[in-house]
Amino acid sequence: MGLKGLKTKDKHIKNLAKIVGDRSILHHKEDLLAYDCDGFTIHKYLPKAVVFPKDTLEVSRLVSYCSDNRLPFLARGAGTGLSGGAIPVNGEVVISLVKMKKLLSVDYENKRAVVEPGFVNLKLTNSISDKGYYYAPDPSSQYCCTIGGNVAENAGGAHCLKYGVTTNHILGLEVVLPNGEIIEIGNNGIPDSPGYDLLGLITGSEGTLGIVTKITVRILKNPEAKQTVLAYFDDVSDGSHAVSDIISAGIVPAALEMMDKTAIEGVESAAFPVGHPRDIKALLLIEVDGIAAGIDEQISQILDVCKNRNVREVKVAQDEAERARWWANRKTGFGAMGAISPDYLVQDGVIPRSRLPEVLNRINQISEESGLRIANIFHAGDGNLHPLVLFDARIPGQTELALSAGSACLQACADVGGTITGEHGVGIEKREEMRFVFTDEEIQAQTDIREVFNPENLLNAGKLFPSPGRCAEVKKERKEAAL
Amino acid sequence: MLETVSLSDLTSILSQEQIMIEEENNHPHPLGNGGYITVFPETEEEIQGILQYAGDHGKKITIQGGGTKRGFGGQTEKADILLSLSKYKGIVEHTVGNMTITVKAGTTFQELQTYLAAHRQRVSLDPAWPEYATIGGIINSNESGPKRLGYGSSRDVVIGLRVVYPEGSIIRLGGKVVKNVAGYDMNKLFIGSMGTLAVMSEVILKLRPLAKYESLMLLSFPDGNLEAVRLFATTLLESMMEPVTLELLTPALSEKLTGQRVYTLAMSFEDVESAVHYQEEFVKSISPAQVQLDILPQEKAQAFWDHFYILKPNGALLSTDTKTAATVKIGVTNLDVLHVLKESTLLQDSHNLVVQGHGGLGHGLCQVTLKGASDDILSAIAYLRQFVEQFNGYLIVTHLPYVLRQQVSVWGNPPSYFYLLEGIKAKVDPKRILNDKRFVGGI
C-alpha cells in the first residue's frame, strides 16, 4: 500500500509494518493527508502512520506495540464522525478498521448478528432484509459509516425515537484494551452479565477506553406496516406545537423530523428535491410503524393534530417510492447545505421537547447577531436539534464566527436543561462545551473511569473532555485538603 | 453500640426521629444486610453528611430502599450503618410533554406509576412487589420483569442520575433529555451496581404513554410438550406480531396463577385495541390443536400481572414459612429458557423442593423460586448453575438467607476482566464504604 512502498528509516514504522505487512501501512505524507481529519474538517493533524489490521490479533499486537513504545494511537472507521473523534491531534498511529468488514454470523432465531467493526451500517440491513429483518440505528451516513464507529459514538438516527440509539442494540463486544489484552463482554447477547455494565460504558466512549473488534447486535423484524406523513406549516411554532401534541396524544412515532425554511431551501436546491413549497416556514416528516390494524387510527390522529395547528398542507406517502424520496431528501440534508453555502458547521444539541419554540427563537437570534444563516434540520420528536451554521471559510474570520455561533446554540440548549450532543459526540469539537453541562468534579468522575481502562492515556488522548487546567486544580485542592 | 457509631455525631446531621438504634437483644435479621444504627435521611444534604461521617470514621454503610432485595448478595450481617432511603421520596420534576420524570430514589414503584397514570404515562418496567420496591432499588439491582421483551430494562429507561459519591460530592450523570452522548454514558455503570459505587439520590426516567389497550393470552400445554412450545414461540417471534411478553410459566407457578398445573405461555399485547385483537387472532391461527387458549381482556390481564408480581419472596416481609426460600436469576440465550425451566421443574422430585419459575423466550432471563430444606436448596443451586453453564449462561442468587449466602457463591465466578471492575470500584469508593462485598467477586 502507499505509492512509494515501505522506504523509511523510522524503526516504529518498520516494526508496525512487520505486524500488518508492508502493504497495509501508510506513512508517506501524501498518503497520510486523507487521514488528517474526519467529518469535522475545521482542525487537521497528520498521523504518524495509518495501519490496516485484518483481524483482532493484529489489532492487539499493534496496540501492544504502541503501548510498549509509548506511541499515541487511535482507531478509525469510515471517518464520517462529525466531532473530530478520529482526528490524530497528537500525531497518532491511526488503526483503520476498514479491512475488518465481515458479517460474521446471523442468528435469526435469537435475533442477533455478529459483525466486524468495519462493516458498514446499511449493509447489515441489506444483508438480512430478504428474511424480513433490519438493524434499527440509522444515522444519516448509514450508507458508508461503520458499525464500529457507531459503537464508539453511540450513534443515533431518525428512527431512534421509537427504537433507541446504538447502545440499545448492542448485545456483546470484543474489545482490545489499551494494554493489548482482548476481552469479550456481554456474553454474546445473554442479557445482564453479572458485573458493572461495561457494554454500556464502552458504547459511546468515543474510542477512548478500548478498540472494538467484534460486535454482536440485535436485529429486528420489519414492522408489519409503516406510514409516512409530510406536513407543511406557515409558522414554526405551529410546527413545534404539533410535535408536542402528537407525543401527548400517546403516539410513539418511529420518526418525527422537522426542517425549517433555510433547510428546505438547501434540500430543494440539492440532489434530492421533492418539491417542498419554498415559502413554508417548517415541515414535519412523521413516520408511524407497527401492527397494520393500528396504524390508520394513529395516522388520522396525526392528521387531526396538524390541522388543529393550522397546517397548510398535509399528505400521506402513497407508496414506498414516495416514502423513499422523502427520506432521501431528509437524510442528505446536511450535505445539501453545500448547494446554498460554501461551508457549513453542524451542531447537535438536545433539549426537552417542550422548550422547542423558545430555543428555535434563540437560535434565530444567534443567527441575526452573528450575521450567519442557520438552517435547522432535526429530530424533533426527541428534541435533538441540528443547527447548521452556514459560512464561507474563505472570508477571514468567518470560520471563528461560525464556531462561536455553533457554541452559542449549544449554550442555548444547555440553558434550558438540555445537552450539547445527542448523537455526534464531543470529539475535539465540543470539549470545552462539556463545561456547559458538567462541573469539574463531574468531568473528573468520568476521567477517573478512563484511567481504569486507559491509564497512560495513549489511546485517543485529548478527546471528549476539556483541557485539564481547572480539573487539575480541583485535584490539587482536594489533595491539599486531605493533608 | 455507641462504641461503633457515635450517636452524637449523627445527631448533628439528623434529628433523633431519623435514627434508630438496633436493640442488643433483637434477633438478627435472617437476611442480614442490616446495620447497628439505621438512619432515614430526608434530604440530599443529610445523605452527604452520613457518607462524609462514614468516610471520616472508617465506617461501612449498607444501603436499603424498600428492603425487597435484602436477601440479594452481601456477606455482612450488620454494617455500622444501615442507610434507608425509604423516607427520601417524591416526584422532583415532571413535565408532561417531555415524557421524562425526575424522582427521588426512595419512591416506591407503585407510587410512581399511580402518579403517572393520572397523566396517562408510565415507566415501562415491571418489577416484583411494586408497593414495596423503590425505584432506586430496582435500578441498583437491575430488576426486570416479563415485559422486558417489549420495553427493555433499566438501561433503556434511565436517562439521568444524581448520585452521592462516597466522599460526599454530588455527581450528575446523563441528563434530562432522551438522547445524550455528552461524555461517557455513566448511567450504565450505576445501573445494576448493587449500591457499591454511590448512593442514588435522584433518578431521571424516560416515560411511555399508557397502553391504549392491553390483553393477555394464556396458552397452556397440557401434555408438557416443550417442543410444541418451542415451535409455537419461534413461529410467533418470526412473525411481525409485537408481543410485550412471551413468558413461560412452570406448572407449579401456573397453578398459583391459573389453577392449572401445566406449562403456560403468558403473552401480553399492548397497542390500540384493534391492533391487539388482530394479534389475538393471529395467535389463535398459529396455536397447536392440543393447547388450551384463554384471552384475558384488559382488567383481567392487569389483575393477572398484579398477582404475578407478588409471588416471589419479598425481603421486606419476614416469612412465617418454616421452609427456606431462595430465588435465582438465570440468563441464557432466548430459547434455552425451555431447558432451564424444564430442569428446574425436575428439581421438585430430585431435590424435594417446591419450584416456581418463569422465563422469557424472547429475552432469555428466568427467575426460579425454590422452597424446601436448606441443604436441598444449596445443592439445587449448585446443580442448576452447573446446568446453565453448559449453555454459556449464568446463575445469580437474588434471594437467600444470610447464613446460606455464606455457603454459596451468589454471583458465580467473576469475569476474566474482573480487574477492570475492581479498578472502577477502587476509583469511586476507595475506602469501600458502600455495600462492601455485596457484588461480583466480593466488590
# chains A, B, ... in the order shown; residues from 1 in each chain; ligands from 1
>>> interface_residues(of="chain B", to="chain A", cutoff="7 Å", atoms="only C-alpha atoms", output="mmCIF file with N, CA and C atoms, in the first residue's frame")
data_model
loop_
_atom_site.group_PDB
_atom_site.id
_atom_site.type_symbol
_atom_site.label_atom_id
_atom_site.label_comp_id
_atom_site.auth_asym_id
_atom_site.auth_seq_id
_atom_site.Cartn_x
_atom_site.Cartn_y
_atom_site.Cartn_z
ATOM 1 N N GLY B 97 -45.276 17.026 28.763
ATOM 2 C CA GLY B 97 -44.995 16.991 27.326
ATOM 3 C C GLY B 97 -43.618 16.425 26.997
ATOM 4 N N ASN B 98 -42.695 16.460 27.960
ATOM 5 C CA ASN B 98 -41.349 15.935 27.684
ATOM 6 C C ASN B 98 -41.275 14.428 27.855
ATOM 7 N N ASP B 156 -32.528 0.906 29.357
ATOM 8 C CA ASP B 156 -33.223 1.536 28.251
ATOM 9 C C ASP B 156 -34.132 2.676 28.732
ATOM 10 N N ILE B 171 -22.765 14.051 42.115
ATOM 11 C CA ILE B 171 -22.351 13.886 40.719
ATOM 12 C C ILE B 171 -23.597 13.609 39.876
ATOM 13 N N ARG B 172 -23.763 14.406 38.810
ATOM 14 C CA ARG B 172 -24.882 14.174 37.897
ATOM 15 C C ARG B 172 -24.376 13.363 36.699
ATOM 16 N N LYS B 176 -31.458 15.278 31.326
ATOM 17 C CA LYS B 176 -32.916 15.215 31.312
ATOM 18 C C LYS B 176 -33.473 14.984 29.922
ATOM 19 N N VAL B 177 -32.584 14.718 28.983
ATOM 20 C CA VAL B 177 -33.054 14.555 27.612
ATOM 21 C C VAL B 177 -32.877 13.106 27.172
ATOM 22 N N VAL B 178 -33.688 12.711 26.192
ATOM 23 C CA VAL B 178 -33.740 11.286 25.849
ATOM 24 C C VAL B 178 -32.579 10.833 24.972
ATOM 25 N N LYS B 179 -31.847 11.777 24.402
ATOM 26 C CA LYS B 179 -30.674 11.408 23.608
ATOM 27 C C LYS B 179 -29.515 12.220 24.127
ATOM 28 N N ASN B 180 -28.425 11.557 24.449
ATOM 29 C CA ASN B 180 -27.369 12.300 25.116
ATOM 30 C C ASN B 180 -26.066 11.531 24.997
ATOM 31 N N VAL B 181 -25.097 12.072 24.296
ATOM 32 C CA VAL B 181 -23.792 11.416 24.237
ATOM 33 C C VAL B 181 -22.674 12.338 24.728
ATOM 34 N N ALA B 182 -23.031 13.275 25.604
ATOM 35 C CA ALA B 182 -22.013 14.171 26.159
ATOM 36 C C ALA B 182 -21.225 13.420 27.235
ATOM 37 N N GLY B 183 -19.993 13.065 26.922
ATOM 38 C CA GLY B 183 -19.178 12.322 27.885
ATOM 39 C C GLY B 183 -19.560 10.852 27.898
ATOM 40 N N TYR B 184 -18.983 10.120 28.851
ATOM 41 C CA TYR B 184 -19.294 8.698 28.948
ATOM 42 C C TYR B 184 -20.748 8.497 29.374
ATOM 43 N N ASP B 185 -21.300 7.362 28.978
ATOM 44 C CA ASP B 185 -22.653 7.015 29.406
ATOM 45 C C ASP B 185 -22.542 6.433 30.823
ATOM 46 N N MET B 186 -22.296 7.319 31.764
ATOM 47 C CA MET B 186 -22.001 6.896 33.143
ATOM 48 C C MET B 186 -23.200 6.238 33.831
ATOM 49 N N LYS B 188 -24.862 3.877 32.939
ATOM 50 C CA LYS B 188 -24.795 2.431 32.799
ATOM 51 C C LYS B 188 -23.986 1.792 33.931
ATOM 52 N N LEU B 189 -22.963 2.497 34.382
ATOM 53 C CA LEU B 189 -22.116 1.945 35.448
ATOM 54 C C LEU B 189 -22.893 1.740 36.740
ATOM 55 N N GLY B 192 -27.555 -1.534 38.130
ATOM 56 C CA GLY B 192 -27.127 -2.893 38.442
ATOM 57 C C GLY B 192 -25.852 -2.974 39.255
ATOM 58 N N SER B 193 -25.424 -1.833 39.837
ATOM 59 C CA SER B 193 -24.159 -1.835 40.584
ATOM 60 C C SER B 193 -24.351 -2.261 42.037
ATOM 61 N N PRO B 209 -46.242 6.351 26.940
ATOM 62 C CA PRO B 209 -47.673 6.518 27.179
ATOM 63 C C PRO B 209 -48.258 5.217 27.713
ATOM 64 N N THR B 234 -41.164 -19.899 18.236
ATOM 65 C CA THR B 234 -40.362 -19.463 17.083
ATOM 66 C C THR B 234 -41.263 -18.930 15.970
ATOM 67 N N MET B 240 -44.546 -10.849 12.371
ATOM 68 C CA MET B 240 -44.417 -9.419 12.603
ATOM 69 C C MET B 240 -45.252 -8.972 13.796
ATOM 70 N N MET B 241 -45.749 -9.928 14.566
ATOM 71 C CA MET B 241 -46.512 -9.558 15.757
ATOM 72 C C MET B 241 -45.570 -8.945 16.789
ATOM 73 N N VAL B 272 -53.217 -0.037 20.284
ATOM 74 C CA VAL B 272 -54.612 0.380 20.139
ATOM 75 C C VAL B 272 -55.440 -0.900 20.056
ATOM 76 N N SER B 274 -57.753 -2.240 18.228
ATOM 77 C CA SER B 274 -57.889 -3.029 17.002
ATOM 78 C C SER B 274 -56.619 -3.845 16.733
ATOM 79 N N ALA B 275 -55.462 -3.255 17.023
ATOM 80 C CA ALA B 275 -54.202 -3.958 16.786
ATOM 81 C C ALA B 275 -54.027 -5.117 17.771
ATOM 82 N N TYR B 278 -56.298 -7.939 16.599
ATOM 83 C CA TYR B 278 -55.715 -8.518 15.388
ATOM 84 C C TYR B 278 -54.624 -9.538 15.756
ATOM 85 N N GLY B 331 -29.586 -16.308 33.293
ATOM 86 C CA GLY B 331 -29.537 -15.728 31.952
ATOM 87 C C GLY B 331 -28.999 -16.744 30.960
ATOM 88 N N VAL B 332 -29.742 -17.003 29.913
ATOM 89 C CA VAL B 332 -29.293 -17.886 28.834
ATOM 90 C C VAL B 332 -29.742 -17.262 27.513
ATOM 91 N N THR B 333 -29.380 -17.897 26.416
ATOM 92 C CA THR B 333 -29.861 -17.435 25.118
ATOM 93 C C THR B 333 -31.346 -17.809 24.995
ATOM 94 N N ASN B 334 -32.097 -16.865 24.458
ATOM 95 C CA ASN B 334 -33.567 -16.901 24.459
ATOM 96 C C ASN B 334 -34.240 -18.259 24.652
ATOM 97 N N GLY B 364 -34.517 -14.366 27.338
ATOM 98 C CA GLY B 364 -33.536 -15.285 27.896
ATOM 99 C C GLY B 364 -33.311 -15.215 29.399
ATOM 100 N N TRP B 411 -22.821 -14.789 43.045
ATOM 101 C CA TRP B 411 -22.640 -14.245 41.696
ATOM 102 C C TRP B 411 -21.925 -15.193 40.733
ATOM 103 N N TYR B 417 -12.105 -10.176 33.003
ATOM 104 C CA TYR B 417 -11.676 -8.769 33.096
ATOM 105 C C TYR B 417 -12.042 -8.165 34.454
ATOM 106 N N LEU B 420 -10.887 -4.852 35.888
ATOM 107 C CA LEU B 420 -11.479 -3.572 35.479
ATOM 108 C C LEU B 420 -12.608 -3.178 36.436
ATOM 109 N N LEU B 421 -13.395 -4.171 36.823
ATOM 110 C CA LEU B 421 -14.489 -3.891 37.759
ATOM 111 C C LEU B 421 -13.923 -3.444 39.103
ATOM 112 N N GLY B 423 -11.083 -2.062 39.516
ATOM 113 C CA GLY B 423 -10.493 -0.741 39.295
ATOM 114 C C GLY B 423 -11.539 0.357 39.390
ATOM 115 N N ILE B 424 -12.719 0.086 38.852
ATOM 116 C CA ILE B 424 -13.793 1.082 38.908
ATOM 117 C C ILE B 424 -14.218 1.311 40.361
ATOM 118 N N LYS B 427 -11.650 3.371 42.196
ATOM 119 C CA LYS B 427 -11.649 4.797 41.855
ATOM 120 C C LYS B 427 -12.784 5.540 42.546
ATOM 121 N N VAL B 440 -20.299 -8.825 42.622
ATOM 122 C CA VAL B 440 -19.426 -9.815 41.975
ATOM 123 C C VAL B 440 -18.010 -9.835 42.548
#
>>> select_by_dssp(residues="stretch 1-228 of chain B", states="alpha helix (DSSP H)", output="PyMOL selection string")
chain B and resi 7-11+44-57+109-117+135-140+148-151+154-157+187-190+226-228
>>> write_last_selection(atoms="N, CA and C atoms", output="short mmCIF file (atom, residue, chain, number, x, y, z; two decimals), in the first residue's frame")
data_model
loop_
_atom_site.label_atom_id
_atom_site.label_comp_id
_atom_site.auth_asym_id
_atom_site.auth_seq_id
_atom_site.Cartn_x
_atom_site.Cartn_y
_atom_site.Cartn_z
N LEU B 7 -23.48 8.29 68.36
CA LEU B 7 -24.81 8.85 68.16
C LEU B 7 -24.76 10.37 68.08
N SER B 8 -23.90 10.94 68.91
CA SER B 8 -23.87 12.41 68.92
C SER B 8 -23.36 12.96 67.59
N ASP B 9 -22.47 12.21 66.95
CA ASP B 9 -22.02 12.65 65.63
C ASP B 9 -23.18 12.66 64.65
N LEU B 10 -24.01 11.64 64.75
CA LEU B 10 -25.13 11.55 63.82
C LEU B 10 -26.20 12.58 64.11
N THR B 11 -26.38 12.92 65.37
CA THR B 11 -27.45 13.88 65.67
C THR B 11 -27.09 15.28 65.19
N GLU B 44 -30.89 15.43 50.53
CA GLU B 44 -29.61 15.05 49.93
C GLU B 44 -28.45 15.46 50.85
N GLU B 45 -28.60 16.61 51.50
CA GLU B 45 -27.54 17.08 52.41
C GLU B 45 -27.33 16.07 53.53
N GLU B 46 -28.44 15.50 54.00
CA GLU B 46 -28.31 14.51 55.08
C GLU B 46 -27.58 13.26 54.57
N ILE B 47 -27.88 12.86 53.33
CA ILE B 47 -27.16 11.70 52.77
C ILE B 47 -25.66 12.03 52.69
N GLN B 48 -25.37 13.23 52.20
CA GLN B 48 -23.95 13.65 52.11
C GLN B 48 -23.30 13.60 53.48
N GLY B 49 -24.01 14.12 54.48
CA GLY B 49 -23.46 14.17 55.83
C GLY B 49 -23.14 12.78 56.37
N ILE B 50 -24.06 11.86 56.13
CA ILE B 50 -23.86 10.48 56.63
C ILE B 50 -22.64 9.86 55.94
N LEU B 51 -22.53 10.07 54.63
CA LEU B 51 -21.41 9.48 53.89
C LEU B 51 -20.08 10.09 54.33
N GLN B 52 -20.09 11.40 54.53
CA GLN B 52 -18.85 12.04 54.97
C GLN B 52 -18.46 11.53 56.36
N TYR B 53 -19.45 11.38 57.22
CA TYR B 53 -19.18 10.85 58.55
C TYR B 53 -18.55 9.45 58.45
N ALA B 54 -19.17 8.61 57.61
CA ALA B 54 -18.66 7.24 57.47
C ALA B 54 -17.23 7.25 56.92
N GLY B 55 -17.00 8.11 55.94
CA GLY B 55 -15.67 8.19 55.35
C GLY B 55 -14.63 8.65 56.37
N ASP B 56 -15.00 9.64 57.14
CA ASP B 56 -14.06 10.19 58.13
C ASP B 56 -13.78 9.21 59.26
N HIS B 57 -14.73 8.36 59.57
CA HIS B 57 -14.58 7.48 60.73
C HIS B 57 -14.38 6.01 60.35
N PHE B 109 -42.25 2.04 43.50
CA PHE B 109 -42.65 1.93 42.09
C PHE B 109 -44.14 2.18 41.95
N GLN B 110 -44.91 1.67 42.90
CA GLN B 110 -46.36 1.84 42.81
C GLN B 110 -46.75 3.32 42.91
N GLU B 111 -46.12 4.04 43.85
CA GLU B 111 -46.42 5.47 43.97
C GLU B 111 -46.13 6.20 42.66
N LEU B 112 -45.01 5.84 42.07
CA LEU B 112 -44.60 6.48 40.82
C LEU B 112 -45.61 6.18 39.71
N GLN B 113 -45.98 4.92 39.57
CA GLN B 113 -46.91 4.56 38.50
C GLN B 113 -48.30 5.17 38.72
N THR B 114 -48.72 5.22 39.97
CA THR B 114 -50.03 5.79 40.26
C THR B 114 -50.04 7.27 39.89
N TYR B 115 -48.97 7.95 40.27
CA TYR B 115 -48.86 9.36 39.93
C TYR B 115 -48.89 9.55 38.41
N LEU B 116 -48.12 8.75 37.71
CA LEU B 116 -48.01 8.91 36.25
C LEU B 116 -49.29 8.52 35.52
N ALA B 117 -49.99 7.54 36.06
CA ALA B 117 -51.21 7.06 35.39
C ALA B 117 -52.22 8.20 35.24
N ILE B 135 -37.71 2.81 43.34
CA ILE B 135 -37.12 2.96 42.01
C ILE B 135 -35.59 2.87 42.11
N GLY B 136 -35.03 3.38 43.19
CA GLY B 136 -33.57 3.29 43.37
C GLY B 136 -33.12 1.85 43.50
N GLY B 137 -33.87 1.06 44.24
CA GLY B 137 -33.52 -0.35 44.43
C GLY B 137 -33.66 -1.15 43.15
N ILE B 138 -34.71 -0.84 42.41
CA ILE B 138 -34.95 -1.54 41.15
C ILE B 138 -33.78 -1.30 40.19
N ILE B 139 -33.33 -0.04 40.13
CA ILE B 139 -32.25 0.30 39.20
C ILE B 139 -30.91 -0.26 39.68
N ASN B 140 -30.66 -0.15 40.98
CA ASN B 140 -29.40 -0.66 41.52
C ASN B 140 -29.26 -2.17 41.36
N ARG B 148 -40.02 -6.90 29.84
CA ARG B 148 -38.73 -6.51 29.27
C ARG B 148 -38.67 -6.84 27.78
N LEU B 149 -39.36 -7.89 27.38
CA LEU B 149 -39.35 -8.25 25.96
C LEU B 149 -39.82 -7.06 25.10
N GLY B 150 -40.87 -6.42 25.56
CA GLY B 150 -41.40 -5.31 24.76
C GLY B 150 -40.74 -3.98 25.03
N TYR B 151 -40.28 -3.76 26.24
CA TYR B 151 -39.88 -2.40 26.61
C TYR B 151 -38.45 -2.25 27.11
N SER B 154 -33.86 -1.37 32.78
CA SER B 154 -33.45 -0.07 33.33
C SER B 154 -32.50 0.67 32.40
N ARG B 155 -31.62 -0.06 31.74
CA ARG B 155 -30.64 0.63 30.90
C ARG B 155 -31.29 1.30 29.69
N ASP B 156 -32.53 0.91 29.36
CA ASP B 156 -33.22 1.54 28.25
C ASP B 156 -34.13 2.68 28.73
N VAL B 157 -34.26 2.82 30.03
CA VAL B 157 -35.26 3.73 30.60
C VAL B 157 -34.61 4.88 31.37
N ASN B 187 -24.42 6.56 33.36
CA ASN B 187 -25.59 5.92 33.97
C ASN B 187 -25.43 4.40 34.02
N LYS B 188 -24.86 3.88 32.94
CA LYS B 188 -24.80 2.43 32.80
C LYS B 188 -23.99 1.79 33.93
N LEU B 189 -22.96 2.50 34.38
CA LEU B 189 -22.12 1.94 35.45
C LEU B 189 -22.89 1.74 36.74
N PHE B 190 -23.88 2.60 36.98
CA PHE B 190 -24.56 2.58 38.26
C PHE B 190 -25.80 1.68 38.24
N LEU B 226 -42.57 -29.52 25.55
CA LEU B 226 -41.86 -28.25 25.39
C LEU B 226 -41.41 -28.03 23.95
N GLU B 227 -41.35 -29.11 23.16
CA GLU B 227 -41.04 -28.92 21.74
C GLU B 227 -42.17 -28.14 21.06
N ALA B 228 -43.40 -28.42 21.48
CA ALA B 228 -44.53 -27.68 20.93
C ALA B 228 -44.45 -26.21 21.33
#
>>> residues_around(residues="A:Ile25", least_positions_apart="2", cutoff="8 Å", atoms="only C-alpha atoms", output="VMD selection string")
chain A and resid 1 to 2 16 to 17 20 to 23 27 49 to 52
>>> write_last_selection(atoms="C-alpha atoms", output="PDB file, in the first residue's frame")
ATOM      1  CA  MET A   1       0.000   0.000   0.000  1.00  0.00           C
ATOM      2  CA  GLY A   2       1.165   3.579  -0.425  1.00  0.00           C
ATOM      3  CA  LEU A  16       4.375  -1.752  12.737  1.00  0.00           C
ATOM      4  CA  ALA A  17       4.773  -2.932   9.143  1.00  0.00           C
ATOM      5  CA  VAL A  20       0.384  -5.876   9.354  1.00  0.00           C
ATOM      6  CA  GLY A  21       2.633  -6.294   6.308  1.00  0.00           C
ATOM      7  CA  ASP A  22       4.225  -3.659   4.093  1.00  0.00           C
ATOM      8  CA  ARG A  23       1.087  -3.323   2.016  1.00  0.00           C
ATOM      9  CA  HIS A  27       3.427   6.580   6.275  1.00  0.00           C
ATOM     10  CA  ALA A  49       1.154   6.320  10.209  1.00  0.00           C
ATOM     11  CA  VAL A  50      -2.040   4.547   9.227  1.00  0.00           C
ATOM     12  CA  VAL A  51      -2.198   0.778   9.661  1.00  0.00           C
ATOM     13  CA  PHE A  52      -4.845  -1.617   8.349  1.00  0.00           C
TER      14      PHE A  52
END
>>> atom_distance(atom1="atom CA of B:Met194", atom2="atom CA of B:Lys425")
11.7 Å
>>> atom_distance(atom1="atom CA of B:His399", atom2="atom CA of B:Asp429")
25.3 Å
>>> closest_atom_pairs(of="stretch 88-168 of chain B", to="stretch 298-317 of chain B", cutoff="7 Å", atoms="only C-alpha atoms", output="Markdown table")
| residue | atom | partner | partner_atom | distance |
| --- | --- | --- | --- | --- |
| B:Pro127 | CA | B:Tyr309 | CA | 6.9 |
| B:Ala128 | CA | B:Tyr309 | CA | 4.4 |
| B:Trp129 | CA | B:Ile310 | CA | 5.2 |
>>> residues_around(residues="B:Arg261", least_positions_apart="2", cutoff="6 Å", atoms="only C-alpha atoms", output="PyMOL selection string")
chain B and resi 251-252+254-255
>>> write_last_selection(atoms="C-alpha atoms", output="PDB file, in the first residue's frame")
ATOM      1  CA  PRO B 251     -46.575 -25.901  36.045  1.00  0.00           C
ATOM      2  CA  ALA B 252     -46.290 -25.036  39.757  1.00  0.00           C
ATOM      3  CA  SER B 254     -49.079 -21.635  36.540  1.00  0.00           C
ATOM      4  CA  GLU B 255     -51.182 -23.445  39.132  1.00  0.00           C
TER       5      GLU B 255
END
>>> atom_distance(atom1="atom CA of A:Gly172", atom2="atom CA of A:Val114")
8.7 Å
>>> closest_residue(among="B:Leu253, B:Leu173, B:Leu296, B:Ile61", to="B:Met217", atoms="only C-alpha atoms")
B:Leu296
>>> residues_around(residues="A:Thr80", least_positions_apart="4", cutoff="10 Å", atoms="only C-alpha atoms", output="list in words")
Cys37, Asp38, Gly39, Phe40, Arg76, Gly84, Gly85, Ala86, Ser141, Gln142, Cys144, Cys145, Thr146, Gly149, Asn150 and His424 of chain A
>>> closest_residue(among="B:Ala266, B:Leu207, B:Leu434, B:Leu248", to="B:Val368", atoms="only C-alpha atoms")
B:Leu248
>>> closest_residue(among="A:Ser129, A:Ser237, A:Ser105, A:Asn308", to="A:Ile215", atoms="only C-alpha atoms")
A:Ser105
>>> select_by_dssp(residues="stretch 258-393 of chain B", states="strand (DSSP E or B)", output="JSON, numbers by chain")
{"B": [263, 264, 265, 266, 267, 268, 269, 270, 271, 292, 293, 294, 295, 296, 324, 325, 326, 327, 328, 329, 330, 331, 354, 355, 356, 357, 358, 359, 360, 365, 366, 367, 368, 369, 370, 371, 372]}
>>> closest_residue(among="B:Gly357, B:Gly90, B:Gly73, B:Pro243", to="B:Tyr263", atoms="only C-alpha atoms")
B:Gly357
>>> decode(residues="stretch 244-280 of chain A", atoms="C-alpha atoms", output="short mmCIF file (atom, residue, chain, number, x, y, z; two decimals), in the first residue's frame")
data_model
loop_
_atom_site.label_atom_id
_atom_site.label_comp_id
_atom_site.auth_asym_id
_atom_site.auth_seq_id
_atom_site.Cartn_x
_atom_site.Cartn_y
_atom_site.Cartn_z
CA SER A 244 -45.67 18.06 21.30
CA ASP A 245 -49.32 17.36 20.54
CA ILE A 246 -48.50 14.15 18.68
CA ILE A 247 -46.44 12.87 21.58
CA SER A 248 -49.02 13.99 24.13
CA ALA A 249 -51.67 12.03 22.23
CA GLY A 250 -49.86 8.88 23.37
CA ILE A 251 -48.44 8.10 19.93
CA VAL A 252 -44.86 6.86 19.72
CA PRO A 253 -43.88 7.64 16.13
CA ALA A 254 -40.98 5.74 14.64
CA ALA A 255 -39.61 9.09 13.48
CA LEU A 256 -40.62 12.72 13.86
CA GLU A 257 -38.37 15.07 11.90
CA MET A 258 -38.51 18.80 11.31
CA MET A 259 -36.87 21.21 8.85
CA ASP A 260 -37.08 24.98 8.77
CA LYS A 261 -37.21 27.38 5.83
CA THR A 262 -33.46 27.67 5.28
CA ALA A 263 -33.03 23.91 5.47
CA ILE A 264 -35.83 23.40 2.95
CA GLU A 265 -34.12 25.87 0.62
CA GLY A 266 -30.98 23.73 0.92
CA VAL A 267 -32.54 20.31 0.31
CA GLU A 268 -34.64 21.60 -2.56
CA SER A 269 -31.51 23.04 -4.23
CA ALA A 270 -29.54 19.80 -3.86
CA ALA A 271 -29.59 16.33 -5.38
CA PHE A 272 -32.89 15.00 -3.98
CA PRO A 273 -35.55 17.72 -4.27
CA VAL A 274 -39.13 16.56 -3.75
CA GLY A 275 -40.98 19.79 -4.45
CA HIS A 276 -41.48 21.22 -0.95
CA PRO A 277 -43.00 24.71 -1.27
CA ARG A 278 -40.17 27.24 -0.81
CA ASP A 279 -42.28 29.69 1.18
CA ILE A 280 -43.28 27.47 4.10
#
